[in-house]
Amino acid sequence: MPHADSSLVPDSITTKAQFWEHIYIQLEGLLDGQRHWVSNTANASSLIYNSLLAFPRFFGKADDKAVNWCGFYIDSNLFPSPRFPKPVFMNDANKLLLGPFCGKPACQFIQTAPGKAKGVCADAYLKRETLVVPEVDLYPGHIACDGETKSEIVVPLIHTAEGITTVLGVLDLDCLAVNGFDDDDKFGLERIANLIVKSCNW
């Protein structure tokens with residue numbers, strides 16, 4: 001099957017639970033044989049975004065309910081060190097840096113340092129829990145990368161090994177509708193986040 005076809009959504013899928021299970025299975029195939037996190041998060045964001053556009057029962061392309069952004073913010077410590085040209089020092093400590101995404105241009109980084117952290121992504125990262133925000137304009141400290149966004153869900157990427165838990169970054173989705181995401185989306189995206197974490201070298 002061509003890689004692009006993985007984002008097609010069969011007509012037999014009618015519920016969100018079925019949809020996210022389908023995405024999980026498709027993503028397993030895309031990640032197979034690849035462990036670079038940049039490549040895998042790029043394909044994951046594209047798969048999720050384009051599949052949601054192809055699922056009009058709940059999202060689709062309509063201006064009043066579409067997901068308008070899907071992507072990743074990753075801990076700055078995990079980005080590879082620059083090699084060419086001669087590196088210029090950049091103080092990226094305590095930041096989430098913009099990773100692969102689909103949608104309009106977004107904030108290049110998000111502060112996570114005490115006293116500076118704000119917004120849904122920073123809160124989900126620091127609290128190590130998924131945040132579902134029904135109406136972003138009512139969320140304290142919300143960072144408006146796109147003024148058209150009405151709701152948001154942010155899932156932390158959590159790696160656990162030998163009793164040590166590390167938050168690697170977050171998976172972030174925005175929606176044009178108020179109350180765009182629910183518990184079915186939370187459950188499905190948390191499974192997908194876990195799949196991405198275990199499928200990559202960080």
# chains A, B, ... in the order shown; residues from 1 in each chain; ligands from 1
>>> residues_around(residues="Cys145 in chain A", least_positions_apart="2", cutoff="8 Å", atoms="only C-alpha atoms", output="list in words")
Pro105, Ala106, Cys107, Ile143 and Gly147 of chain A
>>> write_last_selection(atoms="N, CA and C atoms", output="PDB file, in the first residue's frame")
ATOM      1  N   PRO A 105       1.810  27.985  10.333  1.00  0.00           N
ATOM      2  CA  PRO A 105       3.007  28.232  11.145  1.00  0.00           C
ATOM      3  C   PRO A 105       2.656  28.421  12.618  1.00  0.00           C
ATOM      4  N   ALA A 106       3.572  27.970  13.488  1.00  0.00           N
ATOM      5  CA  ALA A 106       3.285  27.940  14.923  1.00  0.00           C
ATOM      6  C   ALA A 106       4.417  28.570  15.719  1.00  0.00           C
ATOM      7  N   CYS A 107       4.198  28.701  17.010  1.00  0.00           N
ATOM      8  CA  CYS A 107       5.221  29.219  17.922  1.00  0.00           C
ATOM      9  C   CYS A 107       6.466  28.343  17.838  1.00  0.00           C
ATOM     10  N   ILE A 143      -1.572  30.362  24.908  1.00  0.00           N
ATOM     11  CA  ILE A 143      -0.754  30.957  23.863  1.00  0.00           C
ATOM     12  C   ILE A 143      -1.492  30.791  22.544  1.00  0.00           C
ATOM     13  N   GLY A 147      -5.479  32.415  16.011  1.00  0.00           N
ATOM     14  CA  GLY A 147      -6.656  32.989  16.640  1.00  0.00           C
ATOM     15  C   GLY A 147      -7.949  32.273  16.314  1.00  0.00           C
TER      16      GLY A 147
END
>>> residues_around(residues="range 169-186 of chain A", least_positions_apart="2", cutoff="8 Å", atoms="only C-alpha atoms", output="PDB file with N, CA and C atoms, in the first residue's frame")
ATOM      1  N   LYS A  16     -15.561   7.387  17.104  1.00  0.00           N
ATOM      2  CA  LYS A  16     -14.211   7.853  17.408  1.00  0.00           C
ATOM      3  C   LYS A  16     -13.326   6.711  17.894  1.00  0.00           C
ATOM      4  N   ALA A  17     -13.887   5.805  18.654  1.00  0.00           N
ATOM      5  CA  ALA A  17     -13.101   4.671  19.139  1.00  0.00           C
ATOM      6  C   ALA A  17     -12.567   3.856  17.965  1.00  0.00           C
ATOM      7  N   TRP A  20      -9.718   5.971  16.108  1.00  0.00           N
ATOM      8  CA  TRP A  20      -8.396   6.007  16.733  1.00  0.00           C
ATOM      9  C   TRP A  20      -7.726   4.645  16.714  1.00  0.00           C
ATOM     10  N   ASP A  63     -15.364  24.321   8.246  1.00  0.00           N
ATOM     11  CA  ASP A  63     -14.765  25.447   8.960  1.00  0.00           C
ATOM     12  C   ASP A  63     -15.160  25.508  10.427  1.00  0.00           C
ATOM     13  N   ASP A  64     -16.222  24.802  10.805  1.00  0.00           N
ATOM     14  CA  ASP A  64     -16.699  24.908  12.181  1.00  0.00           C
ATOM     15  C   ASP A  64     -16.307  23.724  13.062  1.00  0.00           C
ATOM     16  N   LYS A  65     -15.588  22.717  12.521  1.00  0.00           N
ATOM     17  CA  LYS A  65     -15.238  21.584  13.372  1.00  0.00           C
ATOM     18  C   LYS A  65     -13.921  20.905  13.012  1.00  0.00           C
ATOM     19  N   ALA A  66     -13.202  21.411  12.031  1.00  0.00           N
ATOM     20  CA  ALA A  66     -11.967  20.765  11.591  1.00  0.00           C
ATOM     21  C   ALA A  66     -10.844  20.932  12.609  1.00  0.00           C
ATOM     22  N   VAL A  67      -9.956  19.957  12.655  1.00  0.00           N
ATOM     23  CA  VAL A  67      -8.699  20.103  13.379  1.00  0.00           C
ATOM     24  C   VAL A  67      -7.768  20.924  12.486  1.00  0.00           C
ATOM     25  N   ASN A  68      -7.304  22.047  12.991  1.00  0.00           N
ATOM     26  CA  ASN A  68      -6.515  22.959  12.168  1.00  0.00           C
ATOM     27  C   ASN A  68      -5.022  22.902  12.454  1.00  0.00           C
ATOM     28  N   TRP A  69      -4.612  22.079  13.427  1.00  0.00           N
ATOM     29  CA  TRP A  69      -3.181  21.936  13.712  1.00  0.00           C
ATOM     30  C   TRP A  69      -2.949  20.631  14.453  1.00  0.00           C
ATOM     31  N   CYS A  70      -1.894  19.936  14.066  1.00  0.00           N
ATOM     32  CA  CYS A  70      -1.502  18.709  14.753  1.00  0.00           C
ATOM     33  C   CYS A  70       0.011  18.596  14.675  1.00  0.00           C
ATOM     34  N   GLY A  71       0.650  18.508  15.818  1.00  0.00           N
ATOM     35  CA  GLY A  71       2.101  18.412  15.777  1.00  0.00           C
ATOM     36  C   GLY A  71       2.717  18.197  17.144  1.00  0.00           C
ATOM     37  N   PHE A  72       4.029  18.379  17.172  1.00  0.00           N
ATOM     38  CA  PHE A  72       4.807  18.043  18.356  1.00  0.00           C
ATOM     39  C   PHE A  72       5.665  19.223  18.816  1.00  0.00           C
ATOM     40  N   TYR A  73       5.779  19.342  20.118  1.00  0.00           N
ATOM     41  CA  TYR A  73       6.805  20.170  20.744  1.00  0.00           C
ATOM     42  C   TYR A  73       7.682  19.226  21.561  1.00  0.00           C
ATOM     43  N   ILE A  74       8.991  19.319  21.336  1.00  0.00           N
ATOM     44  CA  ILE A  74       9.933  18.364  21.915  1.00  0.00           C
ATOM     45  C   ILE A  74      10.929  19.089  22.817  1.00  0.00           C
ATOM     46  N   ASP A  75      11.290  18.438  23.919  1.00  0.00           N
ATOM     47  CA  ASP A  75      12.284  18.981  24.843  1.00  0.00           C
ATOM     48  C   ASP A  75      13.548  19.360  24.075  1.00  0.00           C
ATOM     49  N   LEU A  96      10.415  23.852  25.187  1.00  0.00           N
ATOM     50  CA  LEU A  96       9.945  22.888  24.203  1.00  0.00           C
ATOM     51  C   LEU A  96      10.112  23.553  22.844  1.00  0.00           C
ATOM     52  N   CYS A 121       0.405  23.552  26.399  1.00  0.00           N
ATOM     53  CA  CYS A 121       1.514  22.620  26.154  1.00  0.00           C
ATOM     54  C   CYS A 121       2.467  22.569  27.340  1.00  0.00           C
ATOM     55  N   ALA A 124       0.732  20.716  30.305  1.00  0.00           N
ATOM     56  CA  ALA A 124       0.658  19.264  30.115  1.00  0.00           C
ATOM     57  C   ALA A 124       2.022  18.632  30.299  1.00  0.00           C
ATOM     58  N   TYR A 125       3.051  19.297  29.807  1.00  0.00           N
ATOM     59  CA  TYR A 125       4.432  18.808  29.931  1.00  0.00           C
ATOM     60  C   TYR A 125       4.856  18.758  31.395  1.00  0.00           C
ATOM     61  N   THR A 130      -2.479  14.498  30.325  1.00  0.00           N
ATOM     62  CA  THR A 130      -3.207  15.022  29.177  1.00  0.00           C
ATOM     63  C   THR A 130      -4.167  16.119  29.622  1.00  0.00           C
ATOM     64  N   VAL A 132      -7.349  18.402  28.236  1.00  0.00           N
ATOM     65  CA  VAL A 132      -8.393  18.652  27.248  1.00  0.00           C
ATOM     66  C   VAL A 132      -9.006  20.004  27.577  1.00  0.00           C
ATOM     67  N   VAL A 133      -8.891  20.944  26.650  1.00  0.00           N
ATOM     68  CA  VAL A 133      -9.358  22.310  26.891  1.00  0.00           C
ATOM     69  C   VAL A 133     -10.554  22.587  25.985  1.00  0.00           C
ATOM     70  N   PRO A 134     -11.760  22.647  26.542  1.00  0.00           N
ATOM     71  CA  PRO A 134     -12.963  22.836  25.723  1.00  0.00           C
ATOM     72  C   PRO A 134     -13.016  24.187  25.014  1.00  0.00           C
ATOM     73  N   GLU A 135     -12.467  25.226  25.669  1.00  0.00           N
ATOM     74  CA  GLU A 135     -12.520  26.570  25.091  1.00  0.00           C
ATOM     75  C   GLU A 135     -11.231  27.302  25.465  1.00  0.00           C
ATOM     76  N   GLU A 148      -7.943  31.410  15.282  1.00  0.00           N
ATOM     77  CA  GLU A 148      -9.160  30.685  14.914  1.00  0.00           C
ATOM     78  C   GLU A 148      -9.391  29.457  15.783  1.00  0.00           C
ATOM     79  N   THR A 149      -8.363  29.017  16.493  1.00  0.00           N
ATOM     80  CA  THR A 149      -8.487  27.831  17.338  1.00  0.00           C
ATOM     81  C   THR A 149      -9.455  28.080  18.489  1.00  0.00           C
ATOM     82  N   LYS A 150     -10.357  27.113  18.717  1.00  0.00           N
ATOM     83  CA  LYS A 150     -11.348  27.233  19.787  1.00  0.00           C
ATOM     84  C   LYS A 150     -11.145  26.223  20.909  1.00  0.00           C
ATOM     85  N   SER A 151     -10.585  25.055  20.588  1.00  0.00           N
ATOM     86  CA  SER A 151     -10.352  24.042  21.615  1.00  0.00           C
ATOM     87  C   SER A 151      -9.050  23.318  21.319  1.00  0.00           C
ATOM     88  N   GLU A 152      -8.563  22.565  22.326  1.00  0.00           N
ATOM     89  CA  GLU A 152      -7.224  21.986  22.198  1.00  0.00           C
ATOM     90  C   GLU A 152      -7.107  20.749  23.075  1.00  0.00           C
ATOM     91  N   ILE A 153      -6.253  19.820  22.649  1.00  0.00           N
ATOM     92  CA  ILE A 153      -5.872  18.684  23.482  1.00  0.00           C
ATOM     93  C   ILE A 153      -4.370  18.511  23.373  1.00  0.00           C
ATOM     94  N   VAL A 154      -3.716  18.324  24.516  1.00  0.00           N
ATOM     95  CA  VAL A 154      -2.263  18.155  24.556  1.00  0.00           C
ATOM     96  C   VAL A 154      -1.939  16.898  25.364  1.00  0.00           C
ATOM     97  N   VAL A 155      -1.171  16.009  24.746  1.00  0.00           N
ATOM     98  CA  VAL A 155      -0.817  14.731  25.364  1.00  0.00           C
ATOM     99  C   VAL A 155       0.689  14.687  25.584  1.00  0.00           C
ATOM    100  N   PRO A 156       1.155  14.482  26.814  1.00  0.00           N
ATOM    101  CA  PRO A 156       2.595  14.395  27.034  1.00  0.00           C
ATOM    102  C   PRO A 156       3.173  13.083  26.482  1.00  0.00           C
ATOM    103  N   LEU A 157       4.413  13.161  26.011  1.00  0.00           N
ATOM    104  CA  LEU A 157       5.139  11.984  25.558  1.00  0.00           C
ATOM    105  C   LEU A 157       6.006  11.527  26.726  1.00  0.00           C
ATOM    106  N   ILE A 158       5.614  10.423  27.358  1.00  0.00           N
ATOM    107  CA  ILE A 158       6.257   9.994  28.603  1.00  0.00           C
ATOM    108  C   ILE A 158       7.019   8.689  28.381  1.00  0.00           C
ATOM    109  N   VAL A 167       9.699  13.089  30.622  1.00  0.00           N
ATOM    110  CA  VAL A 167       8.763  13.671  29.668  1.00  0.00           C
ATOM    111  C   VAL A 167       9.572  14.206  28.491  1.00  0.00           C
ATOM    112  N   GLY A 188      -7.626   7.635  22.731  1.00  0.00           N
ATOM    113  CA  GLY A 188      -6.974   7.250  21.485  1.00  0.00           C
ATOM    114  C   GLY A 188      -5.629   7.913  21.299  1.00  0.00           C
ATOM    115  N   LEU A 189      -5.527   9.199  21.616  1.00  0.00           N
ATOM    116  CA  LEU A 189      -4.271   9.922  21.436  1.00  0.00           C
ATOM    117  C   LEU A 189      -3.221   9.516  22.462  1.00  0.00           C
ATOM    118  N   GLU A 190      -3.640   9.153  23.654  1.00  0.00           N
ATOM    119  CA  GLU A 190      -2.674   8.664  24.645  1.00  0.00           C
ATOM    120  C   GLU A 190      -2.054   7.348  24.190  1.00  0.00           C
ATOM    121  N   ALA A 193       0.416   8.313  21.499  1.00  0.00           N
ATOM    122  CA  ALA A 193       1.615   8.910  22.090  1.00  0.00           C
ATOM    123  C   ALA A 193       2.533   7.834  22.657  1.00  0.00           C
TER     124      ALA A 193
END
>>> select_by_dssp(residues="chain A", states="strand (DSSP E or B)", output="NGL selection string")
:A and (36 or 67-75 or 95-103 or 109-111 or 131-133 or 151-161 or 164-175 or 201)
>>> residues_around(residues="Pro56 in chain A", least_positions_apart="5", cutoff="10 Å", atoms="only C-alpha atoms", output="JSON, numbers by chain")
{"A": [9, 14, 51, 61, 62, 65, 66]}
>>> residues_around(residues="Val38 in chain A", least_positions_apart="3", cutoff="12 Å", atoms="only C-alpha atoms", output="count of residues only")
25
>>> select_by_dssp(residues="range 21-139 of chain A", states="alpha helix (DSSP H)", output="number ranges by chain")
A: 21-31, 37-53, 120-127
>>> atom_distance(atom1="CA of Leu52 in chain A", atom2="CA of Pro10 in chain A")
12.1 Å
>>> closest_residue(among="A:Leu168, A:Leu195, A:Asp11, A:His142", to="Asn77 in chain A", atoms="only C-alpha atoms")
A:Leu168
>>> atom_distance(atom1="CA of Ala161 in chain A", atom2="CA of Ala113 in chain A")
24.5 Å
>>> atom_distance(atom1="CA of Lys127 in chain A", atom2="CA of Glu162 in chain A")
20.8 Å
